[in-house]
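Have a look at model.txt below; it lists compact mmCIF, C-alpha atoms.
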# COMPACT_ATOMS: atom_id res chain seq x y z
CA LYS A 1 7.20 -16.52 0.44
CA GLN A 2 3.73 -15.03 0.83
CA GLU A 3 1.76 -14.57 -2.38
CA VAL A 4 -1.49 -12.61 -2.54
CA THR A 5 -3.94 -12.95 -5.41
CA GLN A 6 -7.06 -10.99 -6.28
CA ILE A 7 -9.47 -12.38 -8.84
CA PRO A 8 -11.03 -10.99 -10.96
CA ALA A 9 -8.73 -8.18 -12.02
CA ALA A 10 -11.71 -6.11 -13.12
CA LEU A 11 -15.41 -6.07 -12.31
CA SER A 12 -18.38 -4.08 -13.59
CA VAL A 13 -21.74 -3.96 -11.78
CA PRO A 14 -24.91 -1.88 -12.00
CA GLU A 15 -25.57 0.64 -9.26
CA GLY A 16 -27.29 -0.85 -6.23
CA GLU A 17 -25.84 -4.32 -6.62
CA ASN A 18 -23.73 -5.73 -3.79
CA LEU A 19 -20.00 -6.06 -4.50
CA VAL A 20 -17.98 -9.11 -3.48
CA LEU A 21 -14.21 -8.80 -3.82
CA ASN A 22 -11.93 -11.78 -3.23
CA CYS A 23 -8.42 -12.01 -1.86
CA SER A 24 -6.41 -15.20 -1.36
CA PHE A 25 -3.03 -15.70 0.30
CA THR A 26 -0.69 -18.67 0.41
CA ASP A 27 0.77 -18.45 3.94
CA SER A 28 -1.87 -18.63 6.67
CA ALA A 29 0.55 -17.35 9.33
CA ILE A 30 -0.46 -13.74 8.80
CA TYR A 31 -0.47 -10.97 11.39
CA ASN A 32 -3.28 -9.01 9.80
CA LEU A 33 -5.11 -8.38 6.51
CA GLN A 34 -5.69 -4.86 5.25
CA TRP A 35 -8.02 -3.63 2.51
CA PHE A 36 -7.31 -0.42 0.60
CA ARG A 37 -9.02 1.71 -2.01
CA GLN A 38 -7.04 3.50 -4.71
CA ASP A 39 -8.51 6.11 -7.02
CA PRO A 40 -6.73 6.84 -10.33
CA GLY A 41 -3.58 8.89 -9.79
CA LYS A 42 -4.02 8.88 -6.02
CA GLY A 43 -2.55 7.16 -2.99
CA LEU A 44 -4.01 4.23 -1.09
CA THR A 45 -6.78 4.80 1.44
CA SER A 46 -7.09 2.26 4.25
CA LEU A 47 -10.60 0.82 4.39
CA LEU A 48 -10.48 -2.00 6.92
CA LEU A 49 -7.87 -3.83 8.99
CA ILE A 50 -8.56 -7.33 10.26
CA GLN A 51 -6.25 -8.70 12.94
CA SER A 52 -5.33 -12.39 12.69
CA SER A 53 -7.49 -13.17 15.75
CA GLN A 54 -10.60 -11.63 14.17
CA ARG A 55 -13.05 -13.12 11.70
CA GLU A 56 -14.48 -9.90 10.33
CA GLN A 57 -14.55 -6.11 10.49
CA THR A 58 -17.32 -3.71 9.49
CA SER A 59 -17.41 -0.04 8.60
CA GLY A 60 -20.62 1.40 7.22
CA ARG A 61 -21.48 -0.40 3.96
CA LEU A 62 -18.19 -2.30 4.06
CA ASN A 63 -17.63 -5.68 5.65
CA ALA A 64 -14.46 -7.72 5.40
CA SER A 65 -14.11 -11.34 6.48
CA LEU A 66 -10.99 -13.38 7.15
CA ASP A 67 -10.58 -17.16 7.00
CA LYS A 68 -6.95 -17.98 7.72
CA SER A 69 -7.40 -21.73 7.38
CA SER A 70 -8.49 -21.41 3.76
CA GLY A 71 -6.23 -18.42 3.03
CA ARG A 72 -9.06 -16.12 2.03
CA SER A 73 -10.48 -12.70 2.76
CA THR A 74 -13.58 -11.19 1.21
CA LEU A 75 -14.61 -7.55 1.05
CA TYR A 76 -18.36 -6.93 0.74
CA ILE A 77 -19.69 -3.54 -0.30
CA ALA A 78 -23.43 -3.24 0.11
CA ALA A 79 -25.67 -1.31 -2.28
CA SER A 80 -22.86 -0.12 -4.56
CA GLN A 81 -22.76 3.47 -5.80
CA PRO A 82 -20.90 5.07 -8.74
CA GLY A 83 -18.60 6.68 -6.15
CA ASP A 84 -17.41 3.18 -5.20
CA SER A 85 -15.67 2.90 -8.58
CA ALA A 86 -11.97 2.48 -7.81
CA THR A 87 -9.28 -0.18 -7.51
CA TYR A 88 -9.43 -2.26 -4.35
CA LEU A 89 -6.25 -3.80 -2.99
CA CYS A 90 -5.77 -6.33 -0.24
CA ALA A 91 -2.50 -6.87 1.62
CA ALA A 92 -1.39 -9.58 4.04
CA GLY A 93 0.83 -8.54 6.91
CA ILE A 94 3.50 -10.47 8.81
CA LYS A 95 4.50 -9.96 12.43
CA ALA A 96 8.23 -10.13 11.76
CA ALA A 97 10.32 -6.94 11.93
CA GLY A 98 8.57 -4.13 10.16
CA ASN A 99 5.04 -5.57 9.98
CA LYS A 100 5.57 -5.73 6.22
CA LEU A 101 2.66 -6.08 3.82
CA THR A 102 2.44 -8.24 0.70
CA PHE A 103 -0.02 -6.78 -1.78
CA GLY A 104 -2.37 -8.39 -4.26
CA GLY A 105 -2.66 -7.01 -7.77
CA GLY A 106 -6.00 -5.35 -7.07
CA THR A 107 -9.52 -5.53 -8.49
CA ARG A 108 -10.63 -2.59 -10.61
CA VAL A 109 -14.32 -1.91 -9.95
CA LEU A 110 -16.71 0.06 -12.13
CA VAL A 111 -20.20 0.79 -10.80
CA LYS A 112 -22.50 1.86 -13.63
CA PRO A 113 -25.30 4.36 -12.90
CA ASN B 1 -3.39 16.45 10.99
CA ALA B 2 -1.73 16.25 7.56
CA GLY B 3 -1.10 12.49 7.82
CA VAL B 4 1.60 11.32 5.39
CA THR B 5 2.95 13.88 2.94
CA GLN B 6 5.39 13.41 0.07
CA THR B 7 7.61 15.89 -1.77
CA PRO B 8 7.75 16.40 -4.72
CA LYS B 9 4.56 15.24 -6.45
CA PHE B 10 6.16 14.96 -9.89
CA ARG B 11 9.74 14.85 -11.13
CA VAL B 12 11.52 14.21 -14.42
CA LEU B 13 15.18 13.16 -14.31
CA LYS B 14 17.77 12.34 -16.89
CA THR B 15 19.66 9.04 -16.66
CA GLY B 16 22.50 9.35 -14.17
CA GLN B 17 21.04 12.25 -12.19
CA SER B 18 20.40 11.97 -8.48
CA MET B 19 17.48 13.04 -6.34
CA THR B 20 15.90 12.63 -2.92
CA LEU B 21 12.24 12.02 -2.20
CA LEU B 22 10.98 13.26 1.15
CA CYS B 23 8.28 11.61 3.24
CA ALA B 24 6.92 13.21 6.39
CA GLN B 25 4.31 12.00 8.88
CA ASP B 26 2.78 13.83 11.82
CA MET B 27 1.16 10.81 13.53
CA ASN B 28 4.17 9.86 15.66
CA HIS B 29 4.36 6.45 13.96
CA GLU B 30 7.44 4.31 14.57
CA TYR B 31 7.39 2.39 11.30
CA MET B 32 7.79 3.91 7.85
CA TYR B 33 8.02 2.39 4.36
CA TRP B 34 8.87 3.20 0.76
CA TYR B 35 7.09 1.37 -2.08
CA ARG B 36 7.07 1.58 -5.82
CA GLN B 37 4.01 0.83 -7.94
CA ASP B 38 4.36 -0.32 -11.52
CA PRO B 39 1.71 -1.55 -13.98
CA GLY B 40 1.45 -5.33 -13.83
CA MET B 41 3.87 -5.54 -10.87
CA GLY B 42 1.71 -4.13 -8.10
CA LEU B 43 3.16 -2.49 -5.02
CA ARG B 44 6.65 -3.59 -4.02
CA LEU B 45 8.54 -2.65 -0.86
CA ILE B 46 11.86 -0.87 -1.42
CA HIS B 47 13.08 -0.10 2.11
CA TYR B 48 11.53 0.31 5.52
CA SER B 49 12.36 1.63 8.98
CA VAL B 50 11.21 0.45 12.40
CA GLY B 51 12.41 3.55 14.20
CA GLU B 52 14.58 6.65 14.13
CA GLY B 53 18.09 5.83 12.99
CA THR B 54 17.18 2.36 11.63
CA THR B 55 16.58 1.18 8.07
CA ALA B 56 16.23 -2.21 6.38
CA LYS B 57 15.96 -3.58 2.86
CA GLY B 58 12.68 -4.62 1.33
CA GLU B 59 11.92 -6.61 -1.78
CA VAL B 60 13.53 -4.32 -4.40
CA PRO B 61 16.25 -2.21 -2.68
CA ASP B 62 18.87 -2.07 -5.45
CA GLY B 63 19.61 1.44 -6.74
CA TYR B 64 18.02 3.15 -3.72
CA ASN B 65 19.24 4.38 -0.35
CA VAL B 66 17.24 5.64 2.61
CA SER B 67 17.74 7.55 5.83
CA ARG B 68 15.62 8.08 8.94
CA LEU B 69 17.42 10.79 10.91
CA LYS B 70 14.21 12.05 12.49
CA LYS B 71 11.21 9.98 13.53
CA GLN B 72 8.82 11.97 11.39
CA ASN B 73 10.88 11.89 8.17
CA PHE B 74 11.95 9.08 5.84
CA LEU B 75 14.09 9.98 2.82
CA LEU B 76 14.51 7.91 -0.34
CA GLY B 77 17.55 8.62 -2.49
CA LEU B 78 18.44 7.69 -6.04
CA GLU B 79 22.17 8.17 -6.56
CA SER B 80 22.26 7.52 -10.31
CA ALA B 81 18.79 7.30 -11.81
CA ALA B 82 18.00 4.70 -14.48
CA PRO B 83 14.96 4.43 -16.81
CA SER B 84 13.95 1.27 -14.90
CA GLN B 85 13.31 3.50 -11.89
CA THR B 86 10.47 5.28 -13.69
CA SER B 87 7.56 4.57 -11.37
CA VAL B 88 5.14 5.96 -8.83
CA TYR B 89 6.67 6.01 -5.35
CA PHE B 90 4.56 5.78 -2.23
CA CYS B 91 5.54 6.33 1.35
CA ALA B 92 3.59 4.86 4.25
CA SER B 93 3.70 4.89 8.02
CA SER B 94 2.30 2.35 10.43
CA LEU B 95 0.66 2.11 13.82
CA LYS B 96 -0.10 -1.34 15.27
CA GLY B 97 0.14 -2.92 11.83
CA GLU B 98 -2.21 -0.58 9.97
CA GLN B 99 -0.43 1.29 7.20
CA PHE B 100 -1.33 4.80 6.05
CA PHE B 101 -0.15 6.02 2.67
CA GLY B 102 0.95 9.32 1.21
CA PRO B 103 -0.30 10.69 -2.14
CA GLY B 104 2.70 9.47 -4.14
CA THR B 105 5.50 10.88 -6.30
CA ARG B 106 5.42 10.23 -10.02
CA LEU B 107 9.02 9.92 -11.25
CA THR B 108 10.07 9.70 -14.88
CA VAL B 109 13.67 8.92 -15.81
CA LEU B 110 14.56 9.71 -19.42
Kindly return the structure encoded in the file as structure tokens.
Amino acid sequence: KQEVTQIPAALSVPEGENLVLNCSFTDSAIYNLQWFRQDPGKGLTSLLLIQSSQREQTSGRLNASLDKSSGRSTLYIAASQPGDSATYLCAAGIKAAGNKLTFGGGTRVLVKP
Amino acid sequence: NAGVTQTPKFRVLKTGQSMTLLCAQDMNHEYMYWYRQDPGMGLRLIHYSVGEGTTAKGEVPDGYNVSRLKKQNFLLGLESAAPSQTSVYFCASSLKGEQFFGPGTRLTVL
């Protein structure tokens, strides 16, 4: 059974510092890896999707890497801003019926002005 | 493009009452999902559908039923609500493995 872990559970950084968020998974036979952002009381917003054949994806200040052999993905957010404060969730997907996702517990990020 | 919408946004039920949560998507996605999110438990899959007229069980299906009569709609039913079903419910739809989420329904069962 796939297990996804995100450590630390919470992180506080000063504005302008680069953020590094970690995600580890136990079964390397994933179909894809998706990163989400969740603001308090809101739904999940998809940030980046990395297919199993890819090593990384980039969107603006965000870059996500994937290393299936070690069971790890990392989300980098450059030059953090207070507006980046949110909970970040990673989820590992399987190719079997439904393309189901297994979610990590999330990392709650606070960027201090 | 409204994306994924959920109705209602909030609901309070008494134990034993029934209700249906509606999810709608306008992106023509084949796959749809229902999750619940609880503190300390993360997001857990309740049921999912890979197409109109099909449904399948997820990780925590007990106490819930679903129907997908139309491609754009996915309904989640609680026949006899229990306090353990107090949670935030999210619907999602998927294209080529990327899932898109609705804003959620906050349900309280007293």
### Task
Could you please select, counting only C-alpha atoms, the residues of chain B within 8 Å of chain A and state them as a PyMOL selection string?
chain B and resi 31+40-44+48-50+90+97-104
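In terms of minimum interatomic distance to Cys90 of chain A, A:Cys23 ranks closest within A:Ile77, A:Leu110, A:Ile7, A:Cys23, counting all atoms listed in the file.
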Centre and size of axis-aligned box enclosing segment 8-12 of chain B plus 8 Å each side, as AutoDock Vina command-line options:
--center_x 8.0 --center_y 15.3 --center_z -9.6 --size_x 23.0 --size_y 18.2 --size_z 25.7
### Test item: which residues lie within 7 Å of (-11.1, -13.9, 11.1) counting all atoms listed in the file, as an NGL selection string
:A and (52-56 or 65-68)
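The interatomic distance for the pair atom CA of Tyr76 of chain A and atom CA of Ala92 of chain A works out to 17.5 Å.
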#### Entry: Expected answer as a ChimeraX atom specification: all residues with atoms within 10 Å of (15.5, -2.6, -3.5), only C-alpha atoms
/B:34-36,44-47,56-65
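Nearest-residue note for Asn22 of chain A: choosing from A:Lys112, A:Arg61, A:Arg72, A:Arg37, the minimum distance belongs to A:Arg72, counting only C-alpha atoms.
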## Note on the structure
Using only C-alpha atoms, the best pick from B:Ser67, B:Asn73, B:Gln85, B:Thr108 as closest to Thr7 of chain B would be B:Asn73
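Remark: for Ser24 of chain A, the closest of the candidate residues A:Leu47, A:Val4, A:Ala79, A:Ala64 is A:Val4 (distances computed over all atoms listed in the file).
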### Task
Grab the atom CA of Gln25 of chain B to atom CA of Glu52 of chain B distance for me, in Å with one decimal place.
12.7 Å
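Closest approach to Phe25 of chain A among A:Asn63, A:Ala86, A:Gln81, A:Lys1: A:Lys1, based on all atoms listed in the file.
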### Task
State, in Å with one decimal place, the distance from atom CA of Ser93 of chain B to atom CA of Val4 of chain B.
7.3 Å
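For the residues B:Thr54, B:Ser87, B:Asn1, B:Ser80, ranking by smallest atom-to-atom distance to Asp26 of chain B using all atoms listed in the file places B:Asn1 first.
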